[in-house]
Number of protein chains: 2
Amino acid sequence: MEIEKIVFAEKLALFQDLWSPKIVAQMNAVHFKLARIKGEFVWHSHPETDEVFIVIEGEFEMELQEKTLHLKAGEMCVIPKGVEHRPAAMDECVVLLVEPAGTVNTGDAGGERTAAHDEWI
Amino acid sequence: MEIEKIVFAEKLALFQDLWSPKIVAQMNAVHFKLARIKGEFVWHSHPETDEVFIVIEGEFEMELQEKTLHLKAGEMCVIPKGVEHRPAAMDECVVLLVEPAGTVNTGDAGGERTAAHDEWI
């Protein structure tokens with residue numbers, strides 16, 4: 001397989017839909033996914049895995065049960081497995097998710113905001 | 001464990017040494033490591049794992065046997081397991097490495113530039 005660099009700006013030009021992570025890279029069994037987020041997501045947790053959010057553009061709030069983290073570009077957080085969380089962004093924000101291949105965006109919550117499957121771009 | 005955000009600028013203020021990755025986060029068995037790089041590293045490969053480089057500040061070159069990738073902030077690359085590579089930076093550059101816990105910086109090459117062990121900051 002040809003080794004190429006991944007340019008976030010080029011990948012972001014390929015989609016506009018919100019809350020629909022797109023896979024841009026894979027390291028072993030771990031996926032790197034770019035997502036545009038705006039508004040409030042659903043409360044959920046991932047019983048089987050930790051999940052990483054790295055802010056690429058803008059800022060967002062990660063609501064946890066006891067507190068809220070305010071994250072902006074140049075910052076990241078790790079949500080441990082099983083911990084309830086809800087991302088929310090006042091204005092559109094771009095995050096890079098890092099999590100095992102097959103992780104579902106709504107975790108244990110399911111519902112209409114579950115992405116059918118994560119798409120490679 | 002208290003969940004806190006990780007601020008790259010705060011972490012970078014804690015060290016100045018080059019080619020000595022510092023662990024800033026862990027997702028399952030995967031480490032996220034900030035490294036300052038400048039000059040040429042050694043040619044090496046990681047026979048057991050892929051390795052991710054995300055550029056946080058500046059730019060660097062990832063030399064491969066058939067070509068060289070030029071990467072700058074907002075870009076990343078995945079070096080597949082077993083692939084010989086050598087990072088090199090004309091000016092100081094900050095990268096976020098993502099790789100399994102225990103991955104050694106010099107891979108199969110060893111030698112004096114092997115970091116004794118990766119330190120959490």
# chains A, B, ... in the order shown; residues from 1 in each chain; ligands from 1
$ residues_around --residues "range 70-86 of chain A" --least-positions-apart "5" --cutoff "9 Å" --atoms "only C-alpha atoms" --output "ChimeraX atom specification"
/A:40-65,93-95 /B:3-9,25-28,56
$ write_last_selection --atoms "C-alpha atoms" --output "PDB file, in the first residue's frame"
ATOM      1  CA  GLU A  40     -25.756  18.713  21.487  1.00  0.00           C
ATOM      2  CA  PHE A  41     -25.203  15.012  20.981  1.00  0.00           C
ATOM      3  CA  VAL A  42     -26.835  12.258  23.056  1.00  0.00           C
ATOM      4  CA  TRP A  43     -25.607  11.061  26.438  1.00  0.00           C
ATOM      5  CA  HIS A  44     -23.879   7.720  25.999  1.00  0.00           C
ATOM      6  CA  SER A  45     -20.923   5.597  27.031  1.00  0.00           C
ATOM      7  CA  HIS A  46     -18.743   2.963  25.404  1.00  0.00           C
ATOM      8  CA  PRO A  47     -18.725  -0.047  27.737  1.00  0.00           C
ATOM      9  CA  GLU A  48     -15.875  -1.725  25.881  1.00  0.00           C
ATOM     10  CA  THR A  49     -13.365   1.029  25.125  1.00  0.00           C
ATOM     11  CA  ASP A  50     -11.778   4.342  25.986  1.00  0.00           C
ATOM     12  CA  GLU A  51     -12.283   7.088  23.398  1.00  0.00           C
ATOM     13  CA  VAL A  52     -10.044  10.032  22.482  1.00  0.00           C
ATOM     14  CA  PHE A  53     -11.128  13.449  21.207  1.00  0.00           C
ATOM     15  CA  ILE A  54      -8.473  15.779  19.755  1.00  0.00           C
ATOM     16  CA  VAL A  55      -9.740  19.244  18.771  1.00  0.00           C
ATOM     17  CA  ILE A  56      -8.577  20.254  15.292  1.00  0.00           C
ATOM     18  CA  GLU A  57     -10.664  23.422  14.755  1.00  0.00           C
ATOM     19  CA  GLY A  58     -12.939  25.429  17.037  1.00  0.00           C
ATOM     20  CA  GLU A  59     -14.053  24.443  20.506  1.00  0.00           C
ATOM     21  CA  PHE A  60     -16.609  22.245  22.216  1.00  0.00           C
ATOM     22  CA  GLU A  61     -17.793  21.108  25.601  1.00  0.00           C
ATOM     23  CA  MET A  62     -17.528  17.560  26.843  1.00  0.00           C
ATOM     24  CA  GLU A  63     -20.261  17.137  29.423  1.00  0.00           C
ATOM     25  CA  LEU A  64     -19.579  14.531  32.092  1.00  0.00           C
ATOM     26  CA  GLN A  65     -21.784  13.658  35.010  1.00  0.00           C
ATOM     27  CA  CYS A  93     -16.090  22.296  15.681  1.00  0.00           C
ATOM     28  CA  VAL A  94     -13.841  19.678  14.085  1.00  0.00           C
ATOM     29  CA  VAL A  95     -12.551  16.814  16.193  1.00  0.00           C
TER      30      VAL A  95
ATOM     31  CA  ILE B   3     -10.898  13.166  33.898  1.00  0.00           C
ATOM     32  CA  GLU B   4      -9.004  16.265  32.797  1.00  0.00           C
ATOM     33  CA  LYS B   5      -8.318  17.759  29.423  1.00  0.00           C
ATOM     34  CA  ILE B   6      -4.777  17.646  28.055  1.00  0.00           C
ATOM     35  CA  VAL B   7      -3.425  20.971  26.808  1.00  0.00           C
ATOM     36  CA  PHE B   8      -0.520  20.482  24.422  1.00  0.00           C
ATOM     37  CA  ALA B   9       0.964  23.940  25.122  1.00  0.00           C
ATOM     38  CA  ALA B  25      -2.437  10.276  27.413  1.00  0.00           C
ATOM     39  CA  GLN B  26      -3.477   6.654  27.140  1.00  0.00           C
ATOM     40  CA  MET B  27      -6.445   5.075  25.316  1.00  0.00           C
ATOM     41  CA  ASN B  28      -6.731   1.379  26.167  1.00  0.00           C
ATOM     42  CA  ILE B  56       1.213  19.801  16.141  1.00  0.00           C
TER      43      ILE B  56
END
$ calpha_fit_and_write --fixed "chain A" --moving "chain B" --output "compact mmCIF listing (two decimals) with C-alpha atoms, in the first residue's frame"
# COMPACT_ATOMS: atom_id res chain seq x y z
CA MET B 1 0.00 0.02 -0.03
CA GLU B 2 1.28 3.44 -0.96
CA ILE B 3 2.14 5.53 2.09
CA GLU B 4 0.68 9.02 1.79
CA LYS B 5 0.27 11.83 4.24
CA ILE B 6 -3.22 12.72 5.44
CA VAL B 7 -4.12 16.40 5.19
CA PHE B 8 -7.00 17.29 7.50
CA ALA B 9 -8.07 20.32 5.41
CA GLU B 10 -8.31 18.17 2.27
CA LYS B 11 -10.39 15.55 4.08
CA LEU B 12 -12.68 18.18 5.61
CA ALA B 13 -13.43 19.56 2.15
CA LEU B 14 -15.03 16.19 1.32
CA PHE B 15 -17.96 16.32 3.73
CA GLN B 16 -20.22 18.72 5.56
CA ASP B 17 -22.54 16.45 7.54
CA LEU B 18 -22.51 16.75 11.31
CA TRP B 19 -22.02 13.97 13.87
CA SER B 20 -20.95 11.52 11.19
CA PRO B 21 -17.32 10.53 11.78
CA LYS B 22 -15.26 9.73 8.69
CA ILE B 23 -12.30 7.37 8.93
CA VAL B 24 -9.09 8.96 7.63
CA ALA B 25 -6.43 6.60 8.97
CA GLN B 26 -5.84 3.30 10.72
CA MET B 27 -3.04 2.25 13.10
CA ASN B 28 -3.23 -1.48 13.84
CA ALA B 29 -6.91 -1.90 14.86
CA VAL B 30 -7.38 1.75 15.83
CA HIS B 31 -9.27 4.22 13.64
CA PHE B 32 -8.68 7.96 13.32
CA LYS B 33 -11.92 9.72 12.38
CA LEU B 34 -12.62 13.34 11.53
CA ALA B 35 -16.00 14.63 12.63
CA ARG B 36 -17.80 17.94 12.33
CA ILE B 37 -19.92 18.57 15.41
CA LYS B 38 -22.42 21.30 16.27
CA GLY B 39 -25.23 21.33 18.81
CA GLU B 40 -25.76 18.71 21.49
CA PHE B 41 -25.19 15.00 20.98
CA VAL B 42 -26.83 12.25 23.05
CA TRP B 43 -25.62 11.06 26.43
CA HIS B 44 -23.88 7.72 25.99
CA SER B 45 -20.92 5.59 27.02
CA HIS B 46 -18.73 2.97 25.40
CA PRO B 47 -18.74 -0.04 27.73
CA GLU B 48 -15.88 -1.73 25.88
CA THR B 49 -13.37 1.03 25.13
CA ASP B 50 -11.77 4.35 25.99
CA GLU B 51 -12.27 7.09 23.41
CA VAL B 52 -10.04 10.03 22.49
CA PHE B 53 -11.13 13.46 21.21
CA ILE B 54 -8.47 15.78 19.75
CA VAL B 55 -9.74 19.24 18.78
CA ILE B 56 -8.58 20.25 15.29
CA GLU B 57 -10.65 23.42 14.75
CA GLY B 58 -12.92 25.42 17.04
CA GLU B 59 -14.05 24.45 20.50
CA PHE B 60 -16.61 22.26 22.21
CA GLU B 61 -17.79 21.11 25.59
CA MET B 62 -17.53 17.57 26.84
CA GLU B 63 -20.25 17.13 29.42
CA LEU B 64 -19.58 14.53 32.08
CA GLN B 65 -21.80 13.67 35.01
CA GLU B 66 -19.77 15.66 37.55
CA LYS B 67 -18.32 18.41 35.40
CA THR B 68 -17.89 19.84 31.93
CA LEU B 69 -14.58 20.07 30.07
CA HIS B 70 -14.14 23.00 27.68
CA LEU B 71 -11.82 21.97 24.88
CA LYS B 72 -10.37 23.96 22.02
CA ALA B 73 -7.85 23.42 19.22
CA GLY B 74 -4.58 22.07 20.62
CA GLU B 75 -6.32 20.18 23.38
CA MET B 76 -7.56 16.62 23.79
CA CYS B 77 -9.31 14.37 26.28
CA VAL B 78 -9.68 10.68 26.97
CA ILE B 79 -13.11 9.38 27.98
CA PRO B 80 -12.51 6.13 29.87
CA LYS B 81 -14.62 3.15 28.95
CA GLY B 82 -18.01 3.09 30.60
CA VAL B 83 -18.04 6.80 31.43
CA GLU B 84 -21.20 8.67 30.39
CA HIS B 85 -20.47 11.70 28.25
CA ARG B 86 -22.14 14.13 25.88
CA PRO B 87 -20.22 16.35 23.46
CA ALA B 88 -21.80 19.69 22.59
CA ALA B 89 -20.60 22.57 20.43
CA MET B 90 -22.09 26.07 20.24
CA ASP B 91 -20.44 26.66 16.86
CA GLU B 92 -19.19 24.06 14.44
CA CYS B 93 -16.09 22.29 15.68
CA VAL B 94 -13.84 19.68 14.08
CA VAL B 95 -12.55 16.82 16.19
CA LEU B 96 -10.28 13.89 15.48
CA LEU B 97 -11.62 10.79 17.22
CA VAL B 98 -9.24 7.96 18.04
CA GLU B 99 -10.85 4.68 19.00
CA PRO B 100 -10.89 0.99 18.07
CA ALA B 101 -12.27 0.11 14.66
CA GLY B 102 -15.95 -0.69 14.99
CA THR B 103 -16.71 1.73 17.83
CA VAL B 104 -20.23 3.10 17.36
CA ASN B 105 -20.76 6.84 17.77
CA THR B 106 -23.71 6.55 20.13
CA GLY B 107 -22.18 3.72 22.20
CA ASP B 108 -24.71 2.05 24.46
CA ALA B 109 -27.41 4.66 23.78
CA GLY B 110 -28.28 3.76 20.20
CA GLY B 111 -31.17 5.67 18.64
CA GLU B 112 -31.65 7.76 15.55
CA ARG B 113 -28.29 9.52 15.78
CA THR B 114 -26.35 6.28 15.41
CA ALA B 115 -24.18 6.53 12.28
CA ALA B 116 -25.02 3.59 10.01
CA HIS B 117 -21.36 2.72 9.65
CA ASP B 118 -18.22 4.76 9.61
CA GLU B 119 -17.08 5.57 6.12
CA TRP B 120 -13.52 5.92 4.89
CA ILE B 121 -12.75 9.12 3.04
$ select_by_dssp --residues "chain B" --states "alpha helix (DSSP H)" --output "PyMOL selection string"
chain B and resi 8-12
$ write_last_selection --atoms "C-alpha atoms" --output "mmCIF file, in the first residue's frame"
data_model
loop_
_atom_site.group_PDB
_atom_site.id
_atom_site.type_symbol
_atom_site.label_atom_id
_atom_site.label_comp_id
_atom_site.auth_asym_id
_atom_site.auth_seq_id
_atom_site.Cartn_x
_atom_site.Cartn_y
_atom_site.Cartn_z
ATOM 1 C CA PHE B 8 -0.520 20.482 24.422
ATOM 2 C CA ALA B 9 0.964 23.940 25.122
ATOM 3 C CA GLU B 10 1.025 23.245 28.869
ATOM 4 C CA LYS B 11 2.716 19.882 28.342
ATOM 5 C CA LEU B 12 5.271 21.363 25.933
#
$ select_by_dssp --residues "range 12-120 of chain A" --states "strand (DSSP E)" --output "ChimeraX atom specification"
/A:22-27,30-40,51-57,59-64,68-72,75-79,85-100,119-120
$ decode --residues "range 15-88 of chain B" --atoms "C-alpha atoms" --output "PDB file, in the first residue's frame"
ATOM      1  CA  PHE B  15      10.333  19.785  28.545  1.00  0.00           C
ATOM      2  CA  GLN B  16      12.827  20.944  25.959  1.00  0.00           C
ATOM      3  CA  ASP B  17      14.793  17.793  25.135  1.00  0.00           C
ATOM      4  CA  LEU B  18      14.700  16.537  21.567  1.00  0.00           C
ATOM      5  CA  TRP B  19      13.810  13.038  20.348  1.00  0.00           C
ATOM      6  CA  SER B  20      12.512  12.046  23.763  1.00  0.00           C
ATOM      7  CA  PRO B  21       8.773  11.351  23.537  1.00  0.00           C
ATOM      8  CA  LYS B  22       6.712  12.145  26.630  1.00  0.00           C
ATOM      9  CA  ILE B  23       3.481  10.273  27.288  1.00  0.00           C
ATOM     10  CA  VAL B  24       0.523  12.638  27.743  1.00  0.00           C
ATOM     11  CA  ALA B  25      -2.437  10.276  27.413  1.00  0.00           C
ATOM     12  CA  GLN B  26      -3.477   6.654  27.140  1.00  0.00           C
ATOM     13  CA  MET B  27      -6.445   5.075  25.316  1.00  0.00           C
ATOM     14  CA  ASN B  28      -6.731   1.379  26.167  1.00  0.00           C
ATOM     15  CA  ALA B  29      -3.168   0.127  25.505  1.00  0.00           C
ATOM     16  CA  VAL B  30      -2.270   2.982  23.147  1.00  0.00           C
ATOM     17  CA  HIS B  31      -0.033   5.872  24.194  1.00  0.00           C
ATOM     18  CA  PHE B  32      -0.155   9.462  22.944  1.00  0.00           C
ATOM     19  CA  LYS B  33       3.298  11.042  23.169  1.00  0.00           C
ATOM     20  CA  LEU B  34       4.469  14.577  22.498  1.00  0.00           C
ATOM     21  CA  ALA B  35       7.949  14.881  21.051  1.00  0.00           C
ATOM     22  CA  ARG B  36      10.145  17.773  20.030  1.00  0.00           C
ATOM     23  CA  ILE B  37      12.252  16.834  17.022  1.00  0.00           C
ATOM     24  CA  LYS B  38      15.044  18.642  15.187  1.00  0.00           C
ATOM     25  CA  GLY B  39      17.769  17.299  12.931  1.00  0.00           C
ATOM     26  CA  GLU B  40      17.900  13.771  11.570  1.00  0.00           C
ATOM     27  CA  PHE B  41      16.893  10.689  13.527  1.00  0.00           C
ATOM     28  CA  VAL B  42      18.124   7.154  12.794  1.00  0.00           C
ATOM     29  CA  TRP B  43      16.689   4.855  10.161  1.00  0.00           C
ATOM     30  CA  HIS B  44      14.568   2.223  11.880  1.00  0.00           C
ATOM     31  CA  SER B  45      11.338   0.240  11.723  1.00  0.00           C
ATOM     32  CA  HIS B  46       8.892  -1.206  14.215  1.00  0.00           C
ATOM     33  CA  PRO B  47       8.464  -4.879  13.305  1.00  0.00           C
ATOM     34  CA  GLU B  48       5.472  -5.300  15.610  1.00  0.00           C
ATOM     35  CA  THR B  49       3.343  -2.185  15.105  1.00  0.00           C
ATOM     36  CA  ASP B  50       2.141   0.660  12.924  1.00  0.00           C
ATOM     37  CA  GLU B  51       3.043   4.133  14.180  1.00  0.00           C
ATOM     38  CA  VAL B  52       1.210   7.446  13.766  1.00  0.00           C
ATOM     39  CA  PHE B  53       2.751  10.930  13.567  1.00  0.00           C
ATOM     40  CA  ILE B  54       0.434  13.950  13.883  1.00  0.00           C
ATOM     41  CA  VAL B  55       2.144  17.323  13.399  1.00  0.00           C
ATOM     42  CA  ILE B  56       1.213  19.801  16.141  1.00  0.00           C
ATOM     43  CA  GLU B  57       3.671  22.633  15.402  1.00  0.00           C
ATOM     44  CA  GLY B  58       6.108  23.237  12.558  1.00  0.00           C
ATOM     45  CA  GLU B  59       7.017  20.805   9.826  1.00  0.00           C
ATOM     46  CA  PHE B  60       9.240  17.820   9.220  1.00  0.00           C
ATOM     47  CA  GLU B  61      10.184  15.255   6.630  1.00  0.00           C
ATOM     48  CA  MET B  62       9.460  11.576   6.924  1.00  0.00           C
ATOM     49  CA  GLU B  63      12.035   9.794   4.822  1.00  0.00           C
ATOM     50  CA  LEU B  64      10.985   6.441   3.429  1.00  0.00           C
ATOM     51  CA  GLN B  65      12.998   4.193   1.170  1.00  0.00           C
ATOM     52  CA  GLU B  66      11.165   5.214  -2.021  1.00  0.00           C
ATOM     53  CA  LYS B  67      10.127   8.757  -1.213  1.00  0.00           C
ATOM     54  CA  THR B  68       9.962  11.512   1.364  1.00  0.00           C
ATOM     55  CA  LEU B  69       6.755  12.880   2.879  1.00  0.00           C
ATOM     56  CA  HIS B  70       6.746  16.558   3.857  1.00  0.00           C
ATOM     57  CA  LEU B  71       4.388  17.055   6.770  1.00  0.00           C
ATOM     58  CA  LYS B  72       3.263  20.197   8.537  1.00  0.00           C
ATOM     59  CA  ALA B  73       0.774  21.156  11.247  1.00  0.00           C
ATOM     60  CA  GLY B  74      -2.671  19.771  10.427  1.00  0.00           C
ATOM     61  CA  GLU B  75      -1.248  16.725   8.721  1.00  0.00           C
ATOM     62  CA  MET B  76      -0.468  13.178   9.832  1.00  0.00           C
ATOM     63  CA  CYS B  77       0.926   9.920   8.520  1.00  0.00           C
ATOM     64  CA  VAL B  78       0.822   6.247   9.403  1.00  0.00           C
ATOM     65  CA  ILE B  79       4.034   4.240   9.101  1.00  0.00           C
ATOM     66  CA  PRO B  80       2.995   0.606   8.675  1.00  0.00           C
ATOM     67  CA  LYS B  81       4.742  -1.983  10.788  1.00  0.00           C
ATOM     68  CA  GLY B  82       8.052  -3.122   9.395  1.00  0.00           C
ATOM     69  CA  VAL B  83       8.525  -0.101   7.130  1.00  0.00           C
ATOM     70  CA  GLU B  84      11.910   1.622   7.404  1.00  0.00           C
ATOM     71  CA  HIS B  85      11.618   5.326   8.104  1.00  0.00           C
ATOM     72  CA  ARG B  86      13.638   8.286   9.326  1.00  0.00           C
ATOM     73  CA  PRO B  87      12.064  11.518  10.582  1.00  0.00           C
ATOM     74  CA  ALA B  88      14.071  14.694  10.052  1.00  0.00           C
TER      75      ALA B  88
END
